[in-house]
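Content type compact mmCIF, C-alpha atoms and all ligand atoms, from the file query_14.txt:
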# COMPACT_ATOMS: atom_id res chain seq x y z
CA MET A 751 13.72 -19.20 0.54
CA ASP A 752 17.29 -17.86 0.80
CA ARG A 753 19.06 -14.62 -0.11
CA VAL A 754 19.97 -15.84 -3.59
CA ASP A 755 16.34 -16.72 -4.31
CA HIS A 756 15.20 -13.30 -3.11
CA ALA A 757 17.86 -11.49 -5.15
CA GLN A 758 16.96 -13.55 -8.23
CA HIS A 759 13.26 -12.83 -7.75
CA ARG A 760 13.92 -9.10 -7.42
CA LEU A 761 16.06 -9.15 -10.55
CA GLU A 762 13.31 -10.91 -12.53
CA VAL A 763 10.75 -8.31 -11.38
CA ALA A 764 13.17 -5.48 -12.23
CA ARG A 765 13.73 -6.93 -15.72
CA LEU A 766 10.00 -7.18 -16.31
CA LEU A 767 9.37 -3.59 -15.18
CA ALA A 768 12.34 -2.27 -17.16
CA ARG A 769 10.27 -2.74 -20.30
CA TYR A 770 8.37 0.42 -19.28
CA SER A 771 10.50 3.46 -20.01
CA PRO A 772 10.39 6.52 -17.72
CA ALA A 773 8.58 8.37 -20.52
CA GLU A 774 5.93 5.65 -20.66
CA VAL A 775 5.45 5.71 -16.89
CA ALA A 776 5.15 9.52 -17.01
CA ALA A 777 2.47 9.11 -19.69
CA TRP A 778 0.39 6.86 -17.40
CA ASP A 779 0.48 9.63 -14.84
CA LYS A 780 -0.39 12.34 -17.31
CA SER A 781 -3.32 10.41 -18.79
CA GLU A 782 -4.38 9.29 -15.28
CA THR A 783 -4.70 5.77 -16.66
CA MET A 784 -2.97 2.47 -16.05
CA PRO A 785 -2.90 0.50 -19.33
CA ASP A 786 -4.58 -2.91 -19.00
CA ALA A 787 -1.51 -4.48 -20.64
CA VAL A 788 0.65 -3.49 -17.67
CA ILE A 789 -1.60 -5.30 -15.20
CA ALA A 790 -1.83 -8.24 -17.62
CA SER A 791 1.98 -8.47 -17.78
CA LEU A 792 2.16 -8.68 -13.97
CA ALA A 793 -0.55 -11.35 -13.98
CA GLU A 794 1.27 -13.32 -16.65
CA ALA A 795 4.46 -13.24 -14.61
CA GLY A 796 2.57 -14.55 -11.56
CA LEU A 797 3.11 -11.32 -9.62
CA LEU A 798 -0.49 -10.61 -8.62
CA GLY A 799 -0.64 -13.41 -6.08
CA SER A 800 2.97 -14.19 -5.39
CA PHE A 801 2.35 -14.85 -1.67
CA VAL A 802 -0.68 -17.11 -2.25
CA ASP A 803 -0.12 -20.87 -1.87
CA SER A 804 0.58 -22.65 -5.13
CA SER A 805 -2.39 -24.93 -4.34
CA HIS A 806 -4.54 -21.83 -4.84
CA GLY A 807 -2.82 -20.68 -8.01
CA GLY A 808 -0.27 -18.38 -6.37
CA GLY A 809 3.50 -18.21 -6.38
CA GLY A 810 3.93 -19.63 -2.86
CA ARG A 811 6.48 -16.94 -2.07
CA ASP A 812 7.21 -15.45 1.35
CA ALA A 813 6.65 -11.95 2.77
CA LEU A 814 10.14 -10.79 1.89
CA SER A 815 9.64 -11.70 -1.78
CA PHE A 816 6.38 -9.74 -1.71
CA GLY A 817 8.20 -6.80 -0.13
CA LEU A 818 10.92 -6.86 -2.77
CA LEU A 819 8.27 -6.97 -5.51
CA CYS A 820 6.71 -3.87 -3.92
CA ALA A 821 10.10 -2.14 -3.76
CA GLU A 822 10.56 -2.68 -7.50
CA LEU A 823 7.01 -1.51 -8.23
CA GLY A 824 7.57 1.60 -6.09
CA GLN A 825 10.81 2.32 -7.88
CA THR A 826 8.91 2.21 -11.18
CA SER A 827 5.52 3.73 -10.40
CA MET A 828 3.80 4.37 -7.09
CA SER A 829 0.45 4.20 -8.90
CA LEU A 830 1.22 0.70 -10.10
CA LEU A 831 2.40 -0.22 -6.60
CA SER A 832 -0.90 0.99 -5.16
CA ILE A 833 -2.95 -1.12 -7.59
CA VAL A 834 -1.00 -4.25 -6.66
CA THR A 835 -1.30 -3.28 -2.99
CA VAL A 836 -5.11 -3.05 -2.89
CA HIS A 837 -5.49 -6.20 -4.98
CA SER A 838 -3.14 -8.01 -2.57
CA MET A 839 -5.07 -6.67 0.42
CA VAL A 840 -8.27 -8.23 -0.90
CA ILE A 841 -6.43 -11.50 -1.50
CA GLU A 842 -5.17 -11.35 2.07
CA ALA A 843 -8.71 -10.82 3.40
CA VAL A 844 -9.99 -13.86 1.51
CA ARG A 845 -6.90 -15.90 2.46
CA LEU A 846 -7.15 -15.17 6.19
CA SER A 847 -10.90 -14.73 6.70
CA GLY A 848 -12.58 -16.68 3.88
CA THR A 849 -14.10 -20.13 4.27
CA ALA A 850 -12.43 -23.06 2.50
CA GLN A 851 -15.04 -22.75 -0.23
CA GLN A 852 -14.43 -18.99 -0.65
CA ARG A 853 -10.68 -19.55 -0.78
CA ASP A 854 -11.10 -22.29 -3.41
CA GLU A 855 -13.38 -20.07 -5.47
CA TRP A 856 -11.70 -16.67 -5.21
CA LEU A 857 -7.99 -17.16 -4.59
CA PRO A 858 -7.11 -18.75 -7.96
CA LEU A 859 -9.11 -16.06 -9.80
CA LEU A 860 -7.38 -13.24 -7.90
CA ALA A 861 -3.91 -14.76 -7.75
CA LYS A 862 -3.85 -15.39 -11.49
CA GLY A 863 -5.26 -11.94 -12.21
CA HIS A 864 -8.39 -13.28 -13.89
CA LYS A 865 -10.22 -10.93 -11.54
CA ILE A 866 -8.72 -7.73 -10.19
CA ALA A 867 -9.92 -6.45 -6.83
CA ALA A 868 -10.15 -3.11 -5.03
CA PHE A 869 -10.48 -2.41 -1.33
CA ALA A 870 -13.44 -0.21 -0.41
CA LEU A 871 -13.34 0.92 3.20
CA THR A 872 -13.22 4.75 3.20
CA GLU A 873 -16.43 6.76 2.95
CA PRO A 874 -16.99 10.48 2.39
CA ASP A 875 -17.57 11.01 6.14
CA PHE A 876 -15.35 8.29 7.61
CA GLY A 877 -11.65 7.83 6.91
CA SER A 878 -9.40 7.24 9.92
CA GLU A 879 -12.47 6.48 12.02
CA ALA A 880 -13.25 3.33 10.06
CA THR A 881 -15.63 1.96 12.69
CA GLY A 882 -18.02 4.81 11.84
CA ILE A 883 -18.77 3.62 8.29
CA GLN A 884 -22.41 3.81 7.28
CA THR A 885 -22.69 1.39 4.35
CA THR A 886 -25.45 -1.11 5.16
CA LEU A 887 -26.05 -4.78 4.37
CA ILE A 888 -29.74 -5.58 4.64
CA PRO A 889 -30.77 -9.27 4.44
CA CYS A 890 -32.89 -10.25 1.43
CA ASP A 891 -34.08 -13.54 -0.09
CA ASN A 892 -30.78 -14.50 -1.69
CA GLY A 893 -28.30 -12.78 0.59
CA TYR A 894 -27.88 -9.08 1.23
CA ARG A 895 -28.60 -5.71 -0.35
CA VAL A 896 -25.65 -3.37 -0.02
CA SER A 897 -26.23 0.40 0.03
CA GLY A 898 -23.97 3.34 0.79
CA ALA A 899 -21.11 5.43 -0.54
CA LYS A 900 -17.34 4.90 -0.75
CA LYS A 901 -14.71 7.41 -1.79
CA TRP A 902 -11.01 7.46 -2.74
CA ILE A 903 -11.05 3.78 -3.77
CA SER A 904 -7.90 2.90 -5.74
CA TYR A 905 -8.43 1.12 -9.04
CA SER A 906 -12.18 0.86 -8.45
CA VAL A 907 -12.73 2.37 -11.89
CA LYS A 908 -11.27 -0.80 -13.46
CA ALA A 909 -11.56 -3.53 -10.85
CA ASP A 910 -13.78 -6.58 -11.36
CA VAL A 911 -14.70 -6.90 -7.72
CA LEU A 912 -14.68 -4.70 -4.61
CA LEU A 913 -14.16 -5.80 -1.03
CA VAL A 914 -16.77 -3.57 0.58
CA PHE A 915 -16.99 -2.90 4.30
CA GLY A 916 -20.38 -2.14 5.81
CA LYS A 917 -22.62 -2.88 8.74
CA LEU A 918 -25.47 -5.28 9.37
CA GLU A 919 -28.77 -4.08 10.82
CA ASP A 920 -27.51 -4.63 14.38
CA GLY A 921 -24.49 -2.41 13.63
CA SER A 922 -21.93 -5.21 13.45
CA PRO A 923 -19.23 -4.53 10.84
CA VAL A 924 -18.88 -6.98 8.00
CA ALA A 925 -16.95 -7.34 4.73
CA CYS A 926 -18.33 -8.61 1.43
CA LEU A 927 -17.22 -9.12 -2.15
CA LEU A 928 -19.24 -7.01 -4.57
CA PRO A 929 -18.66 -7.61 -8.30
CA THR A 930 -18.51 -4.29 -10.14
CA ASP A 931 -21.10 -5.37 -12.70
CA THR A 932 -23.75 -5.63 -9.98
CA GLU A 933 -26.92 -3.70 -10.66
CA GLY A 934 -27.23 -0.55 -8.55
CA LEU A 935 -23.48 0.12 -8.45
CA ARG A 936 -22.09 3.36 -9.87
CA ILE A 937 -18.40 4.22 -9.95
CA THR A 938 -17.18 7.67 -10.96
CA ALA A 939 -13.51 8.30 -11.73
CA MET A 940 -11.69 10.78 -9.46
CA ARG A 941 -9.20 12.94 -11.30
CA ASP A 942 -6.69 15.73 -10.65
CA LEU A 943 -5.23 14.17 -7.50
CA LEU A 944 -1.91 15.28 -6.02
CA GLY A 945 -0.41 11.83 -6.57
CA PHE A 946 -1.17 8.20 -7.49
CA ARG A 947 -2.75 9.68 -10.59
CA ALA A 948 -2.60 6.48 -12.61
CA ALA A 949 -4.16 4.44 -9.78
CA MET A 950 -7.61 5.14 -11.22
CA LEU A 951 -9.40 6.05 -8.00
CA GLY A 952 -13.17 6.09 -7.92
CA GLU A 953 -16.08 7.34 -5.91
CA ILE A 954 -18.71 4.64 -5.43
CA GLU A 955 -22.47 4.72 -4.95
CA MET A 956 -24.19 1.49 -3.97
CA ASN A 957 -27.93 1.39 -4.20
CA ASN A 958 -29.48 -1.92 -3.10
CA CYS A 959 -26.71 -3.95 -4.74
CA GLU A 960 -27.65 -7.58 -4.26
CA ILE A 961 -24.97 -10.10 -3.26
CA PRO A 962 -25.28 -13.76 -2.30
CA ALA A 963 -24.70 -14.59 1.37
CA ALA A 964 -21.65 -16.58 0.20
CA ASN A 965 -19.94 -13.27 -0.65
CA VAL A 966 -19.66 -12.22 2.99
CA ILE A 967 -16.01 -12.60 4.01
CA GLY A 968 -15.15 -13.33 7.63
CA ARG A 969 -17.11 -13.44 10.83
CA LYS A 970 -20.01 -11.03 11.28
CA GLY A 971 -18.76 -8.32 13.62
CA ALA A 972 -15.09 -8.82 12.64
CA GLY A 973 -15.29 -6.80 9.42
CA ILE A 974 -13.13 -3.95 10.69
CA SER A 975 -11.28 -5.44 13.66
CA TYR A 976 -9.97 -8.45 11.78
CA VAL A 977 -10.79 -8.54 8.05
CA ALA A 978 -9.85 -4.91 7.33
CA ALA A 979 -7.11 -4.80 9.99
CA SER A 980 -5.24 -7.83 8.65
CA ALA A 981 -5.55 -6.59 5.07
CA LEU A 982 -4.27 -3.15 6.09
CA ASP A 983 -1.32 -4.81 7.82
CA LEU A 984 -0.27 -6.31 4.48
CA GLY A 985 -1.01 -2.95 2.80
CA ARG A 986 1.40 -1.21 5.17
CA LEU A 987 4.15 -3.68 4.35
CA ALA A 988 3.57 -3.00 0.64
CA ILE A 989 3.65 0.77 1.10
CA ALA A 990 6.75 0.64 3.30
CA PHE A 991 8.64 -1.38 0.67
CA GLY A 992 7.20 0.78 -2.11
CA CYS A 993 8.64 3.83 -0.34
CA LEU A 994 11.97 2.02 -0.06
CA GLY A 995 11.99 1.53 -3.84
CA ALA A 996 10.99 5.14 -4.44
CA ILE A 997 13.75 6.37 -2.10
CA GLN A 998 16.23 4.27 -4.10
CA ALA A 999 14.98 5.78 -7.37
CA CYS A 1000 15.27 9.33 -5.98
CA LEU A 1001 18.79 8.58 -4.77
CA GLU A 1002 19.98 6.99 -8.01
CA ASP A 1003 18.60 9.89 -10.03
CA SER A 1004 20.02 12.48 -7.64
CA VAL A 1005 23.52 11.00 -7.52
CA SER A 1006 23.67 10.68 -11.31
CA TYR A 1007 22.39 14.21 -11.83
CA ALA A 1008 24.64 15.76 -9.16
CA LYS A 1009 27.70 14.13 -10.73
CA LYS A 1010 26.85 15.34 -14.21
CA ARG A 1011 25.53 18.86 -13.49
CA LYS A 1012 28.19 21.56 -13.07
CA GLN A 1013 27.73 24.92 -11.34
CA PHE A 1014 30.48 27.33 -10.24
CA GLY A 1015 33.05 25.21 -12.13
CA GLN A 1016 32.37 22.04 -10.13
CA SER A 1017 29.92 19.19 -10.30
CA LEU A 1018 27.10 19.49 -7.77
CA VAL A 1019 28.43 16.52 -5.75
CA GLN A 1020 31.57 18.48 -5.04
CA HIS A 1021 29.54 21.15 -3.23
CA GLN A 1022 29.38 20.13 0.40
CA LEU A 1023 25.80 21.26 0.93
CA ILE A 1024 24.72 18.90 -1.84
CA ALA A 1025 26.83 16.09 -0.36
CA GLN A 1026 25.07 16.72 2.96
CA MET A 1027 21.70 16.21 1.26
CA LEU A 1028 22.94 12.99 -0.32
CA ALA A 1029 24.24 11.80 3.05
CA ASP A 1030 20.81 12.33 4.62
CA MET A 1031 19.12 10.54 1.73
CA ILE A 1032 21.52 7.59 1.93
CA THR A 1033 20.99 7.32 5.69
CA SER A 1034 17.21 7.37 5.18
CA PHE A 1035 17.52 4.59 2.62
CA LYS A 1036 19.64 2.39 4.86
CA ALA A 1037 17.43 2.82 7.94
CA THR A 1038 14.24 2.27 5.90
CA GLU A 1039 15.70 -0.84 4.33
CA ARG A 1040 16.51 -2.36 7.71
CA LEU A 1041 13.05 -1.64 9.14
CA CYS A 1042 11.34 -3.07 6.05
CA MET A 1043 13.48 -6.20 5.97
CA HIS A 1044 12.97 -6.76 9.70
CA ALA A 1045 9.17 -6.42 9.40
CA ALA A 1046 9.07 -8.79 6.41
CA GLN A 1047 11.26 -11.36 8.14
CA LEU A 1048 9.06 -11.32 11.25
CA ARG A 1049 5.98 -11.71 9.07
CA ALA A 1050 7.54 -14.61 7.17
CA ALA A 1051 8.33 -16.27 10.50
CA GLY A 1052 4.75 -15.75 11.73
CA ASP A 1053 6.00 -13.64 14.65
CA PRO A 1054 3.17 -11.79 16.46
CA LEU A 1055 5.39 -8.69 16.67
CA ALA A 1056 5.30 -8.37 12.86
CA ALA A 1057 2.25 -6.08 12.76
CA MET A 1058 3.78 -3.47 15.05
CA GLU A 1059 7.12 -3.61 13.26
CA THR A 1060 5.24 -3.19 9.97
CA ALA A 1061 3.42 -0.10 11.29
CA THR A 1062 6.78 1.30 12.41
CA ALA A 1063 8.34 0.55 9.02
CA LYS A 1064 5.43 2.18 7.15
CA TYR A 1065 5.54 5.27 9.36
CA PHE A 1066 9.31 5.64 9.04
CA ALA A 1067 9.49 4.78 5.35
CA SER A 1068 6.76 7.22 4.31
CA THR A 1069 8.03 10.18 6.36
CA HIS A 1070 11.57 9.62 5.13
CA ALA A 1071 10.41 9.09 1.55
CA VAL A 1072 8.70 12.50 1.62
CA THR A 1073 11.92 14.12 2.88
CA VAL A 1074 14.07 12.26 0.36
CA ALA A 1075 11.82 13.25 -2.56
CA ASN A 1076 11.96 16.85 -1.38
CA LEU A 1077 15.78 16.72 -1.35
CA ALA A 1078 15.82 15.00 -4.75
CA VAL A 1079 13.80 17.85 -6.26
CA GLN A 1080 16.14 20.35 -4.58
CA ILE A 1081 19.20 18.66 -6.08
CA HIS A 1082 17.61 18.63 -9.53
CA GLY A 1083 16.63 22.32 -9.33
CA ALA A 1084 14.23 23.33 -12.10
CA VAL A 1085 14.71 19.95 -13.81
CA GLY A 1086 13.19 18.37 -10.68
CA CYS A 1087 10.05 20.46 -11.15
CA SER A 1088 9.30 19.14 -14.64
CA ALA A 1089 7.50 15.86 -15.35
CA SER A 1090 9.05 15.70 -18.80
CA GLU A 1091 12.64 16.18 -17.53
CA SER A 1092 12.79 14.00 -14.40
CA ARG A 1093 10.94 11.43 -12.32
CA THR A 1094 11.52 13.35 -9.10
CA GLU A 1095 8.54 15.66 -9.68
CA ARG A 1096 6.26 12.61 -9.68
CA PHE A 1097 7.89 11.00 -6.65
CA TYR A 1098 7.56 14.30 -4.77
CA ARG A 1099 3.78 14.25 -5.34
CA ASP A 1100 3.24 10.52 -5.00
CA LEU A 1101 5.19 10.04 -1.81
CA LYS A 1102 3.12 12.55 0.15
CA ILE A 1103 0.16 10.21 -0.40
CA THR A 1104 1.97 7.42 1.47
CA GLU A 1105 1.70 9.43 4.70
CA ILE A 1106 -2.09 9.33 4.39
CA ILE A 1107 -3.04 5.88 3.08
CA GLU A 1108 -3.27 2.45 4.77
CA GLY A 1109 -3.88 4.28 8.05
CA SER A 1110 -2.52 7.82 8.17
CA ASN A 1111 0.78 8.38 9.90
CA GLN A 1112 -1.01 9.90 12.89
CA MET A 1113 -2.86 6.57 13.25
CA GLN A 1114 0.48 4.72 13.02
CA GLN A 1115 1.98 7.02 15.65
CA ILE A 1116 -0.92 6.34 18.02
CA MET A 1117 -0.52 2.57 17.49
CA ILE A 1118 3.25 2.65 17.85
CA ALA A 1119 3.06 4.69 21.06
CA GLN A 1120 0.30 2.56 22.61
CA ASN A 1121 2.12 -0.69 21.89
CA GLY A 1122 5.66 0.55 22.42
CA MET A 1123 5.01 2.15 25.81
CA GLY A 1124 4.50 -1.25 27.45
CA GLU A 1125 7.77 -2.50 25.99
CA PHE A 1126 9.76 0.39 27.42
CA LEU A 1127 8.01 0.42 30.79
CA LYS A 1128 8.95 -3.25 31.05
CA SER A 1129 12.57 -2.65 30.02
CA ALA A 1130 12.89 0.20 32.54
CA LEU A 1131 11.62 -2.05 35.34
CA THR A 1132 13.91 -4.92 34.29
CA ARG A 1133 16.92 -2.59 34.22
CA LYS A 1134 16.06 -1.19 37.63
CA ARG A 1135 15.74 -4.68 39.07
CA LEU A 1136 19.02 -5.83 37.53
CA LEU A 1137 20.93 -2.75 38.73
CA SER A 1138 19.56 -3.10 42.25
CA GLY A 1139 20.81 -6.70 42.32
CA ASN A 1140 17.32 -8.32 42.54
CA LYS A 1141 16.59 -11.01 40.04
C1 LIG A 1201 -4.46 8.36 -3.35
C2 LIG A 1201 -5.33 7.74 -2.33
C3 LIG A 1201 -5.70 6.40 -2.46
C4 LIG A 1201 -6.58 5.83 -1.57
N1 LIG A 1201 -6.99 4.54 -1.75
C5 LIG A 1201 -7.92 4.00 -0.91
C6 LIG A 1201 -8.44 2.69 -1.15
O1 LIG A 1201 -8.06 2.00 -2.11
N2 LIG A 1201 -9.39 2.21 -0.29
C7 LIG A 1201 -9.85 2.91 0.78
O2 LIG A 1201 -10.70 2.41 1.50
N3 LIG A 1201 -9.37 4.17 1.01
C8 LIG A 1201 -8.43 4.72 0.20
N4 LIG A 1201 -7.95 5.99 0.44
C9 LIG A 1201 -8.46 6.73 1.57
C10 LIG A 1201 -7.47 6.72 2.74
O3 LIG A 1201 -7.44 5.45 3.32
C11 LIG A 1201 -7.92 7.81 3.73
O4 LIG A 1201 -7.65 9.04 3.10
C12 LIG A 1201 -7.19 7.70 5.07
O5 LIG A 1201 -7.65 6.61 5.81
C13 LIG A 1201 -7.40 8.97 5.91
O6 LIG A 1201 -8.75 9.28 6.00
P1 LIG A 1201 -9.29 10.74 5.60
O7 LIG A 1201 -8.67 11.15 4.33
O8 LIG A 1201 -10.76 10.69 5.69
O9 LIG A 1201 -8.71 11.69 6.70
P2 LIG A 1201 -9.34 11.95 8.14
O10 LIG A 1201 -9.56 10.67 8.86
O11 LIG A 1201 -10.46 12.91 8.05
O12 LIG A 1201 -8.10 12.68 8.86
C14 LIG A 1201 -7.63 13.96 8.47
C15 LIG A 1201 -6.33 14.24 9.20
O13 LIG A 1201 -6.55 14.17 10.61
C16 LIG A 1201 -5.70 13.21 11.18
N5 LIG A 1201 -6.41 12.53 12.27
C17 LIG A 1201 -7.58 11.85 12.20
N6 LIG A 1201 -7.89 11.34 13.40
C18 LIG A 1201 -6.89 11.70 14.25
C19 LIG A 1201 -6.61 11.44 15.64
N7 LIG A 1201 -7.40 10.69 16.40
N8 LIG A 1201 -5.48 11.98 16.17
C20 LIG A 1201 -4.63 12.72 15.40
N9 LIG A 1201 -4.85 12.97 14.09
C21 LIG A 1201 -5.95 12.46 13.53
C22 LIG A 1201 -5.35 12.24 10.07
O14 LIG A 1201 -4.11 11.58 10.30
C23 LIG A 1201 -5.26 13.20 8.89
O15 LIG A 1201 -3.98 13.80 8.89
C24 LIG A 1201 -7.06 6.59 -0.46
C25 LIG A 1201 -6.65 7.92 -0.30
C26 LIG A 1201 -5.81 8.49 -1.23
C27 LIG A 1201 -5.43 9.92 -1.04

Written as structure tokens, how would this file's structure read?
Amino acid sequence: MDRVDHAQHRLEVARLLARYSPAEVAAWDKSETMPDAVIASLAEAGLLGSFVDSSHGGGGRDALSFGLLCAELGQTSMSLLSIVTVHSMVIEAVRLSGTAQQRDEWLPLLAKGHKIAAFALTEPDFGSEATGIQTTLIPCDNGYRVSGAKKWISYSVKADVLLVFGKLEDGSPVACLLPTDTEGLRITAMRDLLGFRAAMLGEIEMNNCEIPAANVIGRKGAGISYVAASALDLGRLAIAFGCLGAIQACLEDSVSYAKKRKQFGQSLVQHQLIAQMLADMITSFKATERLCMHAAQLRAAGDPLAAMETATAKYFASTHAVTVANLAVQIHGAVGCSASESRTERFYRDLKITEIIEGSNQMQQIMIAQNGMGEFLKSALTRKRLLSGNK
């Protein structure tokens, strides 16, 4: 897939999303609801499984195309981005960890949007410490009975199926698909969140929910270390690109507003302190774009370094997106504080969430430091050897 293909794909996504006016997107946020028709329009355009092989009903597109889709979604609505992200993460879990039979059964349903999925890892008492989860899977005649509680699960209020993470009797972590119409399952909508308000988060109670053994995804024991980890890796790529799109939206709005708005006889852009803010925002955009593109290209090439570069991109993109949204509100003044007058108010709230989800930024920092230290110890030794003349 070349640059022209990617640019064309992004344009098509942008055209599709342009049908939703800023006022409409603001209304989703206000009503804390994502209209079914919006998800249906993405499904119809083949955007809910764009990276799935065409043999399994997907678009057969690469990681960069997926990233660009996420950038456009983020530019439109971070809530919508998060719904596509969790659905994609479940697809990724089935794609990488499912058996051939599970892939044949689930991938076409998910990729075509006939079933929408949510990713249920976090529990009331275990967030960053995912290995502590207490949901249980107890064997029964036909498979397993799943019991426990999940919290903060995006789109669980509407999803058809949840990828639930729990533990077997011997404590080994495992992942399973749990249809939301299963008896014993109760999902309560979570409202009044700081951001991602239209992502329809839910709190979940599972009381002896019976699933067939065929719904267990991945190896027993690898539920967190591989199934969740590989899905979260894709989630981080989505969030990083989503932040890139949101940064672009904040910049476009800020530049337009600062050119139009006059104070002290000059447009805001002519005030140097405002230009300084714009310079910082532009720099953040350019650096974020390069990190995101690099991570996506490594992923597309199947490079083992992709996961670390993705963590770095997610960490950088989310911290810079928070700063950029803050500056965007500052440039807009009071207008930036009103949901009915600008989008920046929403981005300011939504982008803070990106520092917490798909592994909080402290978790990314720990990972980046642990992995990066080896790289720089090695480069220091190599340099020393080269400078001392030893090969
Ligand atoms: C809008 C939204 C959507 C979400 N969607 C989903 C979803 O779809 N599915 C899902 O499973 N979860 C979801 N979550 C939950 C999210 O994944 C968790 O909030 C996240 O993993 C952090 O866990 P926690 O909130 O329990 O914070 P905690 O783990 O309690 O951490 C609290 C703070 O302490 C820091 N911290 C924790 N441990 C360390 C450490 N060792 N060193 C330094 N600092 C540390 C964290 O970085 C954080 O800043 C969502 C959350 C939000 C807000």

I'd like the neighbourhood of Leu1018 (chain A) as number ranges by chain, where a residue qualifies if any of its atoms comes within 7 Å (using all atoms listed in the file), though same-chain residues fewer than 5 positions away should be ignored. A: 1008-1009, 1011-1013, 1024

Okay, now the selection with C-alpha atoms, as a PDB file, in the coordinates of the input?
ATOM      1  CA  ALA A1008      24.640  15.760  -9.160  1.00  0.00           C
ATOM      2  CA  LYS A1009      27.700  14.130 -10.730  1.00  0.00           C
ATOM      3  CA  ARG A1011      25.530  18.860 -13.490  1.00  0.00           C
ATOM      4  CA  LYS A1012      28.190  21.560 -13.070  1.00  0.00           C
ATOM      5  CA  GLN A1013      27.730  24.920 -11.340  1.00  0.00           C
ATOM      6  CA  ILE A1024      24.720  18.900  -1.840  1.00  0.00           C
TER       7      ILE A1024
END

Around ligand LIG 1201 (chain A), out to 8 Å and counting only C-alpha atoms and all ligand atoms, which residues are there? I want them as a short mmCIF file (atom, residue, chain, number, x, y, z; two decimals) with C-alpha atoms, keeping the file's coordinate frame.
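So pocket.cif came out as:
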data_model
loop_
_atom_site.label_atom_id
_atom_site.label_comp_id
_atom_site.auth_asym_id
_atom_site.auth_seq_id
_atom_site.Cartn_x
_atom_site.Cartn_y
_atom_site.Cartn_z
CA SER A 832 -0.90 0.99 -5.16
CA VAL A 836 -5.11 -3.05 -2.89
CA ALA A 868 -10.15 -3.11 -5.03
CA PHE A 869 -10.48 -2.41 -1.33
CA ALA A 870 -13.44 -0.21 -0.41
CA LEU A 871 -13.34 0.92 3.20
CA THR A 872 -13.22 4.75 3.20
CA GLU A 873 -16.43 6.76 2.95
CA PRO A 874 -16.99 10.48 2.39
CA ASP A 875 -17.57 11.01 6.14
CA PHE A 876 -15.35 8.29 7.61
CA GLY A 877 -11.65 7.83 6.91
CA SER A 878 -9.40 7.24 9.92
CA GLU A 879 -12.47 6.48 12.02
CA ALA A 880 -13.25 3.33 10.06
CA LYS A 900 -17.34 4.90 -0.75
CA LYS A 901 -14.71 7.41 -1.79
CA TRP A 902 -11.01 7.46 -2.74
CA ILE A 903 -11.05 3.78 -3.77
CA SER A 904 -7.90 2.90 -5.74
CA TYR A 905 -8.43 1.12 -9.04
CA SER A 906 -12.18 0.86 -8.45
CA LEU A 943 -5.23 14.17 -7.50
CA LEU A 944 -1.91 15.28 -6.02
CA GLY A 945 -0.41 11.83 -6.57
CA PHE A 946 -1.17 8.20 -7.49
CA ARG A 947 -2.75 9.68 -10.59
CA ALA A 949 -4.16 4.44 -9.78
CA LEU A 951 -9.40 6.05 -8.00
CA ILE A 1103 0.16 10.21 -0.40
CA ILE A 1106 -2.09 9.33 4.39
CA ILE A 1107 -3.04 5.88 3.08
CA GLU A 1108 -3.27 2.45 4.77
CA GLY A 1109 -3.88 4.28 8.05
CA SER A 1110 -2.52 7.82 8.17
CA ASN A 1111 0.78 8.38 9.90
CA GLN A 1112 -1.01 9.90 12.89
CA MET A 1113 -2.86 6.57 13.25
CA ILE A 1116 -0.92 6.34 18.02
#

Residue nearest Glu782 (chain A) - candidates A:Met940, A:Ala1071, A:Leu1127, A:Met1043, atoms counted: all atoms listed in the file: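 Of A:Met940, A:Ala1071, A:Leu1127, A:Met1043, the one nearest Glu782 (chain A), counting all atoms listed in the file, is A:Met940.
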
Name the residues in contact with Val914 (chain A) at a cut-off of 12 Å, using all atoms listed in the file, excluding same-chain residues fewer than 3 positions from it; report them as a ChimeraX atom specification. /A:840,843,867-873,883-887,896-901,903,906,911,917,923-930,935,954-956,959,961,965-967,973-974,977-978

For CA of Val1005 (chain A) and CA of Ala757 (chain A), the interatomic separation in Å (one decimal):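 Spanning CA of Val1005 (chain A) to CA of Ala757 (chain A) is a straight-line distance of 23.3 Å.
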
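Across the structure, CA of Arg1096 (chain A) and CA of Ala1045 (chain A) are spaced 27.1 Å apart.
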
Just give me the gap between CA of Glu794 (chain A) and CA of Lys908 (chain A) in Å, one decimal is fine. 18.0 Å

Using all atoms listed in the file, pick whichever of A:Gln1026, A:Gln1080, A:Asn957, A:Thr1104 has the shortest atom-to-atom distance to Ser829 (chain A).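 With all atoms listed in the file as the atom set, the closest residue is A:Thr1104.
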
Find the residue from A:Met828, A:Leu797, A:Cys1042, A:Ile997 that sits nearest to Arg1099 (chain A); use all atoms listed in the file when measuring. A:Met828

Write out as AutoDock Vina command-line options an axis-aligned box for region 818-833 of chain A: all of its atoms listed in the file, 8 Å added on each side, centre and edge lengths in Å with one decimal.
--center_x 4.0 --center_y -1.3 --center_z -7.0 --size_x 29.9 --size_y 27.3 --size_z 24.4

Counting all atoms listed in the file, the residue of A:Lys970, A:Arg760, A:Arg1135, A:Arg753 that sits nearest Gly995 (chain A): A:Arg760

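The smallest atom-to-atom distance between Asp1030 (chain A) and any of A:Thr1132, A:Ser1004, A:Val1074, A:Ala1057, using only C-alpha atoms, is found for A:Val1074.
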
Test item: residues at most 10 Å from Glu1095 (chain A), all atoms listed in the file, excluding those fewer than 2 positions along its chain, as a VMD selection string: chain A and resid 1000 1075 to 1076 1078 to 1079 1082 1084 to 1093 1097 to 1100
